[in-house]
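Engineer: My questions will all concern the structure given below.
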Amino acid sequence: MCYDNLMKKELKPYIALCDAIGKLFYPNVEVVMHDLTAKTLVHIVNAFSKRRIGDAMLNDVKDIAALKEDWVGPYDKINYDGKRLKAVSIILRDSNNMPIGMICINYNTEAIASLFESLKGFLQVDDSRQKTPVLFSQSWREHMDESIEKYLSANNISLAGLSSEDKKALVLFLNDEGIFAIRNAVSYLCTVINVSRATIYNWLKTLRH
């Protein structure tokens, strides 16, 4: 924290605000306050841009006075060391609504960007990778019901309308889905499609010949 003792008195109440923002987001946020009358930097917190008290403003005060809104951004900036920043600027006005100061909040996004890239790689879904085994699914019955619904939808048929051949095709489909690696899956399927265990096992035998 560093401020100019000679700053305009109307700006001094904003020192605590700048300090609080800087403390909350330390060390990734730099907070800078400018005096628009003196056209100088009068307060800075967590300085990482190499700017110092008394430095001339980088913005034209005339352009600032012409702004219709009291804030600008967020917008992208590049720090002197090449790090990417996300910034927002807030115009401070006196009791006559005249612009007297500006607070610039510069957020160093490098840490977040690195974390994002790590998370993106970790969470990325790759269809070429092997699916999670059914044995580890939270609810095998739910998973089985979803697989049955998937078959019915793909073939535009209802459960009640399944013929014997349709049921056989469904059993072979579920086998490809790995459903029968689950204990008790056959017994459950028997009740769903109304066939015997022997029938299901006979259909599965056709895959081995």
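Identifiers in this document derive from the order of the structure tokens: chains are assigned A, B, ..., residues are numbered from 1 separately in each chain, and ligands are numbered from 1 in order of occurrence.
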Would you list, as a PyMOL selection string, the residues of range 9-209 of chain A that end up in helix (DSSP H, G or I) under DSSP run on this structure's backbone?

Structural biologist: chain A and resi 9-24+61-65+110-123+134-136+140-154+164-176+179-181+185-193+197-208

Engineer: Which residue, A:Leu207, A:Ala113, A:Cys104, A:Val29, has the smallest gap to Asp176 in chain A when you use only C-alpha atoms?

Structural biologist: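 Among the listed residues, the smallest separation from Asp176 in chain A belongs to A:Leu207.
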
Engineer: Counting only C-alpha atoms, which of A:Ile21, A:Ile200, A:Ile157, A:Leu119 gets nearest to Ile103 in chain A?

Structural biologist: A:Ile21

Engineer: Kindly indicate which residue among A:Ser153, A:Ser163, A:Ser196, A:Ser89 lies nearest to His34 in chain A, using only C-alpha atoms for the distances.

Structural biologist: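 Looking only at the distances to His34 in chain A, the closest residue turns out to be A:Ser89.
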
Engineer: Skipping near chain neighbours, those fewer than 4 positions away, what residues fall within 10 Å of His43 in chain A using only C-alpha atoms, listed as a PyMOL selection string?

Structural biologist: chain A and resi 1-5+7+11-12+14-15+18-19+31-35+47+52-54+103

Engineer: Generate a file of the selected residues that holds N, CA and C atoms, formatted as a compact mmCIF listing (two decimals), in the first residue's frame.

Structural biologist:
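That gives us result22.txt:
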# COMPACT_ATOMS: atom_id res chain seq x y z
N MET A 1 0.85 -1.19 0.00
CA MET A 1 0.00 0.00 0.00
C MET A 1 0.88 1.24 0.00
N CYS A 2 0.54 2.20 -0.87
CA CYS A 2 1.31 3.43 -0.93
C CYS A 2 0.41 4.53 -1.49
N TYR A 3 0.35 5.70 -0.81
CA TYR A 3 -0.52 6.76 -1.30
C TYR A 3 0.14 8.11 -1.15
N ASP A 4 -0.39 9.08 -1.89
CA ASP A 4 0.14 10.44 -1.92
C ASP A 4 -0.57 11.27 -0.86
N ASN A 5 0.18 11.80 0.09
CA ASN A 5 -0.40 12.61 1.16
C ASN A 5 -1.08 13.87 0.63
N MET A 7 -2.93 14.04 -2.10
CA MET A 7 -4.05 13.76 -2.99
C MET A 7 -5.27 14.58 -2.62
N LEU A 11 -10.79 12.19 -2.58
CA LEU A 11 -10.38 10.84 -2.97
C LEU A 11 -9.96 9.98 -1.78
N LYS A 12 -9.63 10.60 -0.67
CA LYS A 12 -9.09 9.85 0.48
C LYS A 12 -10.05 8.78 1.02
N TYR A 14 -11.66 6.73 -0.55
CA TYR A 14 -11.58 5.55 -1.41
C TYR A 14 -10.32 4.71 -1.14
N ILE A 15 -9.43 5.23 -0.30
CA ILE A 15 -8.21 4.49 0.02
C ILE A 15 -8.55 3.14 0.67
N CYS A 18 -9.81 0.63 -1.89
CA CYS A 18 -8.72 0.07 -2.69
C CYS A 18 -7.93 -0.97 -1.89
N ASP A 19 -7.65 -0.64 -0.62
CA ASP A 19 -6.89 -1.55 0.22
C ASP A 19 -7.65 -2.85 0.46
N VAL A 31 -4.51 -2.62 -7.47
CA VAL A 31 -5.51 -1.56 -7.46
C VAL A 31 -4.80 -0.22 -7.52
N VAL A 32 -5.17 0.58 -8.50
CA VAL A 32 -4.52 1.87 -8.72
C VAL A 32 -5.56 2.98 -8.71
N MET A 33 -5.26 4.08 -8.01
CA MET A 33 -6.18 5.23 -8.02
C MET A 33 -5.46 6.44 -8.59
N HIS A 34 -6.15 7.15 -9.51
CA HIS A 34 -5.59 8.33 -10.15
C HIS A 34 -6.37 9.58 -9.73
N ASP A 35 -5.67 10.67 -9.64
CA ASP A 35 -6.28 11.99 -9.44
C ASP A 35 -6.41 12.61 -10.82
N ALA A 47 1.34 -3.49 -6.02
CA ALA A 47 1.93 -3.03 -7.28
C ALA A 47 2.73 -4.13 -7.97
N ARG A 52 4.34 3.75 -10.00
CA ARG A 52 4.63 4.32 -8.69
C ARG A 52 3.84 5.60 -8.47
N ILE A 53 3.74 6.01 -7.19
CA ILE A 53 3.08 7.25 -6.83
C ILE A 53 3.72 8.41 -7.57
N GLY A 54 2.87 9.27 -8.15
CA GLY A 54 3.37 10.43 -8.88
C GLY A 54 3.52 10.19 -10.36
N ILE A 103 -10.34 4.66 -10.36
CA ILE A 103 -9.74 3.47 -9.77
C ILE A 103 -9.64 2.40 -10.85

Engineer: Restricting the calculation to only C-alpha atoms: of A:Leu85, A:Val72, A:Leu92, A:Ile105, which residue gets closest to Ile44 in chain A?

Structural biologist: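 Of A:Leu85, A:Val72, A:Leu92, A:Ile105, the one nearest Ile44 in chain A is A:Ile105, counting only C-alpha atoms.
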
Engineer: Based on the backbone DSSP call, show me all residues of chain A assigned strand (DSSP E), as a ChimeraX atom specification.

Structural biologist: /A:2-3,29-35,40-45,71-78,84-93,99-108

Engineer: Those same residues, written as a PDB file, in the first residue's frame with C-alpha atoms?

Structural biologist:
ATOM      1  CA  CYS A   2       1.306   3.432  -0.935  1.00  0.00           C
ATOM      2  CA  TYR A   3      -0.520   6.758  -1.295  1.00  0.00           C
ATOM      3  CA  VAL A  29      -4.972  -7.985  -8.042  1.00  0.00           C
ATOM      4  CA  GLU A  30      -3.364  -4.573  -8.351  1.00  0.00           C
ATOM      5  CA  VAL A  31      -5.509  -1.563  -7.457  1.00  0.00           C
ATOM      6  CA  VAL A  32      -4.516   1.871  -8.721  1.00  0.00           C
ATOM      7  CA  MET A  33      -6.180   5.228  -8.019  1.00  0.00           C
ATOM      8  CA  HIS A  34      -5.593   8.329 -10.149  1.00  0.00           C
ATOM      9  CA  ASP A  35      -6.279  11.986  -9.438  1.00  0.00           C
ATOM     10  CA  THR A  40      -1.209  11.479 -11.580  1.00  0.00           C
ATOM     11  CA  LEU A  41      -1.253   8.170  -9.781  1.00  0.00           C
ATOM     12  CA  VAL A  42      -2.001   8.837  -6.092  1.00  0.00           C
ATOM     13  CA  HIS A  43      -2.549   5.384  -4.554  1.00  0.00           C
ATOM     14  CA  ILE A  44      -1.512   1.823  -5.412  1.00  0.00           C
ATOM     15  CA  VAL A  45      -1.997  -1.587  -3.760  1.00  0.00           C
ATOM     16  CA  TRP A  71     -17.022   2.315 -15.351  1.00  0.00           C
ATOM     17  CA  VAL A  72     -15.207   0.719 -18.272  1.00  0.00           C
ATOM     18  CA  GLY A  73     -14.533  -2.981 -18.823  1.00  0.00           C
ATOM     19  CA  PRO A  74     -13.704  -5.637 -18.135  1.00  0.00           C
ATOM     20  CA  TYR A  75     -11.012  -5.363 -20.796  1.00  0.00           C
ATOM     21  CA  ASP A  76      -7.770  -7.227 -21.511  1.00  0.00           C
ATOM     22  CA  LYS A  77      -4.327  -5.781 -20.861  1.00  0.00           C
ATOM     23  CA  ILE A  78      -0.759  -7.046 -21.082  1.00  0.00           C
ATOM     24  CA  ARG A  84      -2.218 -11.228 -19.211  1.00  0.00           C
ATOM     25  CA  LEU A  85      -4.449  -9.004 -17.123  1.00  0.00           C
ATOM     26  CA  LYS A  86      -8.194  -8.491 -16.932  1.00  0.00           C
ATOM     27  CA  ALA A  87      -9.003  -4.930 -15.924  1.00  0.00           C
ATOM     28  CA  VAL A  88     -11.882  -2.639 -15.037  1.00  0.00           C
ATOM     29  CA  SER A  89     -11.809   1.134 -14.424  1.00  0.00           C
ATOM     30  CA  ILE A  90     -14.255   3.081 -12.242  1.00  0.00           C
ATOM     31  CA  ILE A  91     -14.781   6.832 -12.497  1.00  0.00           C
ATOM     32  CA  LEU A  92     -15.062   8.696  -9.185  1.00  0.00           C
ATOM     33  CA  ARG A  93     -17.192  11.865  -9.098  1.00  0.00           C
ATOM     34  CA  PRO A  99     -15.076  13.293 -12.552  1.00  0.00           C
ATOM     35  CA  ILE A 100     -12.259  13.725 -10.028  1.00  0.00           C
ATOM     36  CA  GLY A 101     -10.591  10.342  -9.875  1.00  0.00           C
ATOM     37  CA  MET A 102     -10.355   6.862 -11.353  1.00  0.00           C
ATOM     38  CA  ILE A 103      -9.741   3.470  -9.766  1.00  0.00           C
ATOM     39  CA  CYS A 104      -8.233   0.787 -11.994  1.00  0.00           C
ATOM     40  CA  ILE A 105      -8.401  -2.833 -10.875  1.00  0.00           C
ATOM     41  CA  ASN A 106      -5.956  -5.098 -12.701  1.00  0.00           C
ATOM     42  CA  TYR A 107      -6.386  -8.839 -12.238  1.00  0.00           C
ATOM     43  CA  ASN A 108      -3.492 -11.136 -13.124  1.00  0.00           C
TER      44      ASN A 108
END

Engineer: A:Lys9, A:Lys205, A:Arg197, A:Lys50: which is nearest Ala185 in chain A, counting only C-alpha atoms?

Structural biologist: A:Arg197

Engineer: Pick from A:Thr206, A:Leu174, A:Leu162, A:Asn46: nearest to Leu24 in chain A, with only C-alpha atoms counted?

Structural biologist: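 Nearest candidate to Leu24 in chain A out of A:Thr206, A:Leu174, A:Leu162, A:Asn46: A:Asn46.
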